[in-house]
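Dropping entry.cif in here (mmCIF, C-alpha atoms):
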data_my_file
#
loop_
_atom_site.group_PDB
_atom_site.id
_atom_site.type_symbol
_atom_site.label_atom_id
_atom_site.label_comp_id
_atom_site.auth_asym_id
_atom_site.auth_seq_id
_atom_site.Cartn_x
_atom_site.Cartn_y
_atom_site.Cartn_z
ATOM 1 C CA MET O 18 -7.595 -20.381 -14.784
ATOM 2 C CA SER O 19 -9.017 -19.263 -11.426
ATOM 3 C CA ASP O 20 -8.915 -15.628 -10.314
ATOM 4 C CA ASP O 21 -6.578 -16.577 -7.463
ATOM 5 C CA THR O 22 -4.143 -18.257 -9.853
ATOM 6 C CA SER O 23 -4.235 -15.264 -12.176
ATOM 7 C CA LEU O 24 -3.668 -12.879 -9.277
ATOM 8 C CA THR O 25 -0.766 -14.945 -7.948
ATOM 9 C CA GLU O 26 0.863 -15.073 -11.376
ATOM 10 C CA THR O 27 0.355 -11.340 -11.948
ATOM 11 C CA PHE O 28 1.983 -10.616 -8.606
ATOM 12 C CA ALA O 29 4.913 -12.945 -9.288
ATOM 13 C CA ARG O 30 5.547 -11.415 -12.724
ATOM 14 C CA SER O 31 5.637 -7.951 -11.200
ATOM 15 C CA LEU O 32 8.499 -9.025 -8.925
ATOM 16 C CA ASN O 33 10.781 -10.362 -11.652
ATOM 17 C CA GLY O 34 14.397 -9.615 -10.837
ATOM 18 C CA ILE O 35 13.988 -9.345 -7.062
ATOM 19 C CA THR O 36 16.213 -11.785 -5.189
ATOM 20 C CA GLY O 37 17.236 -10.005 -1.983
ATOM 21 C CA PRO O 38 15.284 -8.882 1.087
ATOM 22 C CA LEU O 39 11.959 -7.288 0.171
ATOM 23 C CA GLY O 40 10.082 -4.562 2.037
ATOM 24 C CA LEU O 41 6.323 -4.026 2.136
ATOM 25 C CA ALA O 42 4.381 -0.989 3.311
ATOM 26 C CA VAL O 43 1.340 -2.464 5.079
ATOM 27 C CA SER O 44 -1.319 -0.394 6.812
ATOM 28 C CA GLY O 45 -3.788 -3.157 7.616
ATOM 29 C CA GLY O 46 -6.251 -2.204 4.881
ATOM 30 C CA GLY O 47 -7.523 -4.743 2.379
ATOM 31 C CA ASP O 48 -5.120 -3.802 -0.407
ATOM 32 C CA SER O 49 -1.953 -3.982 1.658
ATOM 33 C CA VAL O 50 -3.018 -7.104 3.566
ATOM 34 C CA ALA O 51 -3.691 -8.854 0.256
ATOM 35 C CA MET O 52 -0.258 -7.760 -0.954
ATOM 36 C CA LEU O 53 1.272 -9.178 2.224
ATOM 37 C CA ARG O 54 -0.455 -12.543 1.839
ATOM 38 C CA LEU O 55 0.613 -12.744 -1.802
ATOM 39 C CA ALA O 56 4.183 -11.821 -0.867
ATOM 40 C CA ILE O 57 4.332 -14.437 1.892
ATOM 41 C CA ASP O 58 3.495 -17.208 -0.584
ATOM 42 C CA TRP O 59 5.842 -15.752 -3.211
ATOM 43 C CA ALA O 60 8.766 -15.413 -0.787
ATOM 44 C CA LYS O 61 8.288 -18.862 0.728
ATOM 45 C CA THR O 62 9.157 -20.621 -2.533
ATOM 46 C CA ARG O 63 12.117 -18.343 -3.274
ATOM 47 C CA GLY O 64 13.798 -18.018 0.101
ATOM 48 C CA VAL O 65 13.354 -14.239 0.140
ATOM 49 C CA ARG O 66 13.119 -12.520 3.520
ATOM 50 C CA LEU O 67 10.274 -10.027 4.000
ATOM 51 C CA PHE O 68 10.274 -6.882 6.098
ATOM 52 C CA VAL O 69 6.909 -5.234 6.755
ATOM 53 C CA TYR O 70 6.666 -1.542 7.665
ATOM 54 C CA SER O 71 3.634 0.087 9.300
ATOM 55 C CA VAL O 72 3.376 3.771 10.199
ATOM 56 C CA ASP O 73 1.098 5.312 12.825
ATOM 57 C CA HIS O 74 0.827 8.994 11.931
ATOM 58 C CA GLY O 75 -0.593 9.827 15.356
ATOM 59 C CA LEU O 76 -3.676 11.341 13.735
ATOM 60 C CA ARG O 77 -6.412 8.767 14.405
ATOM 61 C CA PRO O 78 -7.285 6.874 17.602
ATOM 62 C CA GLU O 79 -7.723 3.645 15.587
ATOM 63 C CA ALA O 80 -4.204 3.723 14.134
ATOM 64 C CA PRO O 81 -2.347 1.935 16.987
ATOM 65 C CA ASP O 82 -4.817 -0.955 16.788
ATOM 66 C CA GLU O 83 -4.304 -1.162 13.018
ATOM 67 C CA VAL O 84 -0.536 -1.357 13.468
ATOM 68 C CA ARG O 85 -0.992 -4.079 16.100
ATOM 69 C CA PHE O 86 -3.244 -5.975 13.696
ATOM 70 C CA VAL O 87 -0.439 -5.992 11.113
ATOM 71 C CA ALA O 88 2.138 -6.927 13.746
ATOM 72 C CA ASP O 89 0.026 -9.890 14.880
ATOM 73 C CA LEU O 90 -0.483 -11.039 11.279
ATOM 74 C CA CYS O 91 3.258 -10.864 10.631
ATOM 75 C CA GLN O 92 3.999 -12.793 13.800
ATOM 76 C CA LYS O 93 1.555 -15.503 12.709
ATOM 77 C CA PHE O 94 3.472 -15.996 9.459
ATOM 78 C CA GLY O 95 6.965 -15.455 10.830
ATOM 79 C CA VAL O 96 7.557 -12.157 9.015
ATOM 80 C CA THR O 97 9.636 -9.324 10.470
ATOM 81 C CA HIS O 98 7.518 -6.265 11.289
ATOM 82 C CA ARG O 99 8.650 -2.724 12.014
ATOM 83 C CA ALA O 100 6.168 -0.303 13.621
ATOM 84 C CA MET O 101 6.918 3.404 13.368
ATOM 85 C CA THR O 102 5.196 6.506 14.721
ATOM 86 C CA TRP O 103 5.150 10.016 13.305
ATOM 87 C CA GLY O 104 4.257 12.995 15.413
ATOM 88 C CA GLY O 105 5.917 15.700 13.415
ATOM 89 C CA TRP O 106 3.028 17.727 11.994
ATOM 90 C CA ASN O 107 3.090 21.280 13.277
ATOM 91 C CA GLY O 108 -0.320 22.209 11.914
ATOM 92 C CA GLN O 109 1.152 24.011 8.918
ATOM 93 C CA GLY O 110 0.821 23.132 5.230
ATOM 94 C CA ASN O 111 -1.071 20.226 3.678
ATOM 95 C CA LEU O 112 -1.566 17.461 6.236
ATOM 96 C CA SER O 113 -1.975 14.665 3.679
ATOM 97 C CA ALA O 114 1.190 15.690 1.834
ATOM 98 C CA GLU O 115 3.204 16.037 5.045
ATOM 99 C CA ALA O 116 1.999 12.662 6.344
ATOM 100 C CA ARG O 117 2.843 10.991 3.030
ATOM 101 C CA ARG O 118 6.324 12.513 2.999
ATOM 102 C CA ALA O 119 6.922 11.416 6.584
ATOM 103 C CA ARG O 120 5.677 7.888 5.825
ATOM 104 C CA TYR O 121 8.104 7.502 2.935
ATOM 105 C CA ASP O 122 10.958 8.919 5.006
ATOM 106 C CA LEU O 123 10.320 6.568 7.936
ATOM 107 C CA ILE O 124 9.942 3.505 5.733
ATOM 108 C CA ALA O 125 13.017 4.383 3.671
ATOM 109 C CA ASN O 126 15.184 4.805 6.775
ATOM 110 C CA ALA O 127 14.037 1.461 8.184
ATOM 111 C CA ALA O 128 14.409 -0.331 4.848
ATOM 112 C CA ARG O 129 17.963 0.874 4.318
ATOM 113 C CA ALA O 130 18.857 -0.263 7.844
ATOM 114 C CA ASP O 131 17.414 -3.707 7.019
ATOM 115 C CA GLY O 132 19.391 -3.994 3.786
ATOM 116 C CA VAL O 133 16.214 -3.748 1.703
ATOM 117 C CA ALA O 134 16.560 -2.310 -1.808
ATOM 118 C CA THR O 135 12.912 -2.601 -2.965
ATOM 119 C CA VAL O 136 9.734 -1.694 -1.076
ATOM 120 C CA LEU O 137 6.302 -2.730 -2.338
ATOM 121 C CA LEU O 138 3.321 -0.377 -2.263
ATOM 122 C CA ALA O 139 -0.247 -1.697 -2.490
ATOM 123 C CA HIS O 140 -1.713 0.804 -4.953
ATOM 124 C CA THR O 141 -4.337 -0.762 -7.214
ATOM 125 C CA GLN O 142 -6.010 -0.134 -10.545
ATOM 126 C CA ASP O 143 -8.652 1.829 -8.621
ATOM 127 C CA ASP O 144 -6.006 4.053 -7.038
ATOM 128 C CA GLN O 145 -4.535 4.671 -10.477
ATOM 129 C CA ALA O 146 -7.897 5.740 -11.862
ATOM 130 C CA GLU O 147 -8.462 8.053 -8.888
ATOM 131 C CA THR O 148 -5.005 9.571 -9.374
ATOM 132 C CA VAL O 149 -5.772 10.370 -13.005
ATOM 133 C CA LEU O 150 -9.137 11.891 -12.053
ATOM 134 C CA MET O 151 -7.387 14.067 -9.481
ATOM 135 C CA ALA O 152 -4.927 15.204 -12.145
ATOM 136 C CA LEU O 153 -7.801 15.996 -14.506
ATOM 137 C CA ALA O 154 -9.509 18.028 -11.809
ATOM 138 C CA ARG O 155 -6.295 20.009 -11.373
ATOM 139 C CA ARG O 156 -5.976 20.420 -15.149
ATOM 140 C CA ALA O 157 -2.598 18.736 -15.132
ATOM 141 C CA GLY O 158 -0.530 18.416 -18.287
ATOM 142 C CA VAL O 159 0.293 15.201 -20.125
ATOM 143 C CA ASP O 160 2.912 14.193 -17.554
ATOM 144 C CA GLY O 161 0.451 14.644 -14.728
ATOM 145 C CA LEU O 162 -2.137 12.484 -16.484
ATOM 146 C CA SER O 163 0.269 9.571 -16.844
ATOM 147 C CA GLY O 164 -0.624 8.341 -13.358
ATOM 148 C CA MET O 165 1.540 6.385 -10.932
ATOM 149 C CA PRO O 166 4.483 4.417 -12.343
ATOM 150 C CA ILE O 167 4.853 0.718 -11.609
ATOM 151 C CA ALA O 168 8.324 1.406 -10.213
ATOM 152 C CA ARG O 169 10.385 4.456 -9.329
ATOM 153 C CA GLN O 170 13.637 5.319 -7.593
ATOM 154 C CA ASP O 171 13.481 7.595 -4.559
ATOM 155 C CA ARG O 172 15.311 7.989 -1.240
ATOM 156 C CA GLY O 173 17.905 5.466 -2.362
ATOM 157 C CA LEU O 174 15.315 2.701 -2.881
ATOM 158 C CA GLU O 175 13.118 1.236 -5.569
ATOM 159 C CA TRP O 176 9.405 1.615 -4.797
ATOM 160 C CA ARG O 177 7.367 -0.914 -6.735
ATOM 161 C CA ARG O 178 3.588 -1.232 -7.181
ATOM 162 C CA PRO O 179 2.847 -4.867 -8.078
ATOM 163 C CA LEU O 180 -0.955 -4.476 -7.968
ATOM 164 C CA LEU O 181 -1.539 -1.574 -10.363
ATOM 165 C CA GLY O 182 -3.262 -3.915 -12.816
ATOM 166 C CA VAL O 183 -5.515 -5.429 -10.144
ATOM 167 C CA THR O 184 -8.801 -4.054 -8.836
ATOM 168 C CA ARG O 185 -9.626 -3.432 -5.204
ATOM 169 C CA GLN O 186 -12.512 -5.884 -5.446
ATOM 170 C CA GLN O 187 -10.248 -8.652 -6.767
ATOM 171 C CA LEU O 188 -8.044 -8.271 -3.716
ATOM 172 C CA ARG O 189 -10.969 -8.376 -1.323
ATOM 173 C CA ASP O 190 -12.348 -11.449 -3.060
ATOM 174 C CA TYR O 191 -8.915 -13.061 -2.672
ATOM 175 C CA LEU O 192 -8.827 -12.275 1.046
ATOM 176 C CA THR O 193 -12.364 -13.562 1.514
ATOM 177 C CA GLU O 194 -11.364 -16.858 -0.128
ATOM 178 C CA LEU O 195 -8.433 -17.092 2.290
ATOM 179 C CA GLY O 196 -10.620 -16.265 5.285
ATOM 180 C CA GLN O 197 -8.282 -13.350 5.952
ATOM 181 C CA SER O 198 -9.636 -10.249 7.671
ATOM 182 C CA TRP O 199 -8.428 -6.686 7.198
ATOM 183 C CA VAL O 200 -9.034 -3.252 8.713
ATOM 184 C CA ASP O 201 -11.187 -0.593 7.060
ATOM 185 C CA ASP O 202 -9.800 2.916 7.558
ATOM 186 C CA PRO O 203 -12.762 5.255 8.284
ATOM 187 C CA THR O 204 -11.032 8.108 6.444
ATOM 188 C CA ASN O 205 -11.640 6.156 3.221
ATOM 189 C CA GLU O 206 -15.247 7.350 3.484
ATOM 190 C CA ASP O 207 -14.403 10.924 4.514
ATOM 191 C CA SER O 208 -15.259 13.230 1.613
ATOM 192 C CA SER O 209 -13.097 16.007 3.037
ATOM 193 C CA TYR O 210 -10.196 14.143 1.396
ATOM 194 C CA GLU O 211 -9.711 14.774 -2.324
ATOM 195 C CA ARG O 212 -8.992 11.131 -3.137
ATOM 196 C CA VAL O 213 -12.237 10.027 -1.464
ATOM 197 C CA ARG O 214 -14.176 12.568 -3.523
ATOM 198 C CA MET O 215 -12.531 11.251 -6.680
ATOM 199 C CA ARG O 216 -13.428 7.689 -5.647
ATOM 200 C CA GLN O 217 -17.039 8.657 -5.140
ATOM 201 C CA SER O 218 -17.105 10.538 -8.458
ATOM 202 C CA ARG O 219 -15.586 7.554 -10.267
ATOM 203 C CA GLU O 220 -18.239 5.251 -8.843
ATOM 204 C CA LEU O 221 -20.959 7.620 -10.083
ATOM 205 C CA LEU O 222 -19.355 7.814 -13.526
#

Can the structure from this file be put into structure tokens for me?
Amino acid sequence: MSDDTSLTETFARSLNGITGPLGLAVSGGGDSVAMLRLAIDWAKTRGVRLFVYSVDHGLRPEAPDEVRFVADLCQKFGVTHRAMTWGGWNGQGNLSAEARRARYDLIANAARADGVATVLLAHTQDDQAETVLMALARRAGVDGLSGMPIARQDRGLEWRRPLLGVTRQQLRDYLTELGQSWVDDPTNEDSSYERVRMRQSRELL
């Protein structure tokens, strides 16, 4: 069995039970673009309509171009795309946490308006490992060390992570085979972010 076939089957199994409109949070990075390409093939054979949501947090000059990249990709494949902008940070509190909360709020509002009950998130096996390392660094309890769930209910929607058993490299290999480009977010190399530090530590380990 080829890696592509295995990846396609893994993705399809993770979406068992979904029959209605399906939402996807897509930033333009390799993980979410791979999820989008997998979902396009999956939906095509099942007659499921896809809605793609991209959020520009207004924090990086590259972000509008990344959203346009996703919009152009969706247009190419005939998928509905919703672009949203957040400009609500007042400089107080934790920026990453506030941006994440705003992203979920914006996507949830759009998804409910579209009649979407499930939104896919492109977290991978690597993200899961980094999440556990972050919890260890914070000396979290057993619950904190359990990592991200495959699915959870929040804001009136189901949020599902179909790629938690897949590595980041597998997804990039898949995109390379397709000849599909993606956008690399420069903050993924910025060690001022805790998750980036955990990623670098994991690679060393």

For this session: Record the distance separating atom CA of O:Ala80 and atom CA of O:Leu55, expressed in Å with one decimal.
Result: 23.4 Å

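Nearest residue to O:Val43 among O:Leu180, O:Leu76, O:Ala56, O:Val87 is O:Val87, counting all atoms listed in the file.
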
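If you apply the PyMOL selection byres ((chain O and resi 174) around 9) to this structure, you end up with Ala125, Ala128, Arg129, Val133, Ala134, Thr135, Val136, Arg169, Gln170, Asp171, Arg172, Gly173, Glu175 and Trp176 of chain O.
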
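Our summary of the geometry notes that atom CA of O:Glu79 is positioned 28.0 Å from atom CA of O:Ala130.
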
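Of note, atom CA of O:Arg54 and atom CA of O:Arg120 are spaced 21.7 Å apart.
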
Given the point (0.1, 1.3, -5.2) in the file's coordinates, find the residues that have an atom at most 12 Å from it, counting all atoms listed in the file, and give them as a compact mmCIF listing (two decimals) with C-alpha atoms, in the coordinates of the input.
# COMPACT_ATOMS: atom_id res chain seq x y z
CA LEU O 41 6.32 -4.03 2.14
CA ALA O 42 4.38 -0.99 3.31
CA VAL O 43 1.34 -2.46 5.08
CA ASP O 48 -5.12 -3.80 -0.41
CA SER O 49 -1.95 -3.98 1.66
CA MET O 52 -0.26 -7.76 -0.95
CA VAL O 136 9.73 -1.69 -1.08
CA LEU O 137 6.30 -2.73 -2.34
CA LEU O 138 3.32 -0.38 -2.26
CA ALA O 139 -0.25 -1.70 -2.49
CA HIS O 140 -1.71 0.80 -4.95
CA THR O 141 -4.34 -0.76 -7.21
CA GLN O 142 -6.01 -0.13 -10.54
CA ASP O 143 -8.65 1.83 -8.62
CA ASP O 144 -6.01 4.05 -7.04
CA GLN O 145 -4.54 4.67 -10.48
CA ALA O 146 -7.90 5.74 -11.86
CA GLU O 147 -8.46 8.05 -8.89
CA THR O 148 -5.00 9.57 -9.37
CA GLY O 164 -0.62 8.34 -13.36
CA MET O 165 1.54 6.38 -10.93
CA PRO O 166 4.48 4.42 -12.34
CA ILE O 167 4.85 0.72 -11.61
CA ALA O 168 8.32 1.41 -10.21
CA ARG O 169 10.38 4.46 -9.33
CA TRP O 176 9.40 1.62 -4.80
CA ARG O 177 7.37 -0.91 -6.74
CA ARG O 178 3.59 -1.23 -7.18
CA PRO O 179 2.85 -4.87 -8.08
CA LEU O 180 -0.96 -4.48 -7.97
CA LEU O 181 -1.54 -1.57 -10.36
CA GLY O 182 -3.26 -3.92 -12.82
CA VAL O 183 -5.52 -5.43 -10.14
CA THR O 184 -8.80 -4.05 -8.84
CA ARG O 185 -9.63 -3.43 -5.20
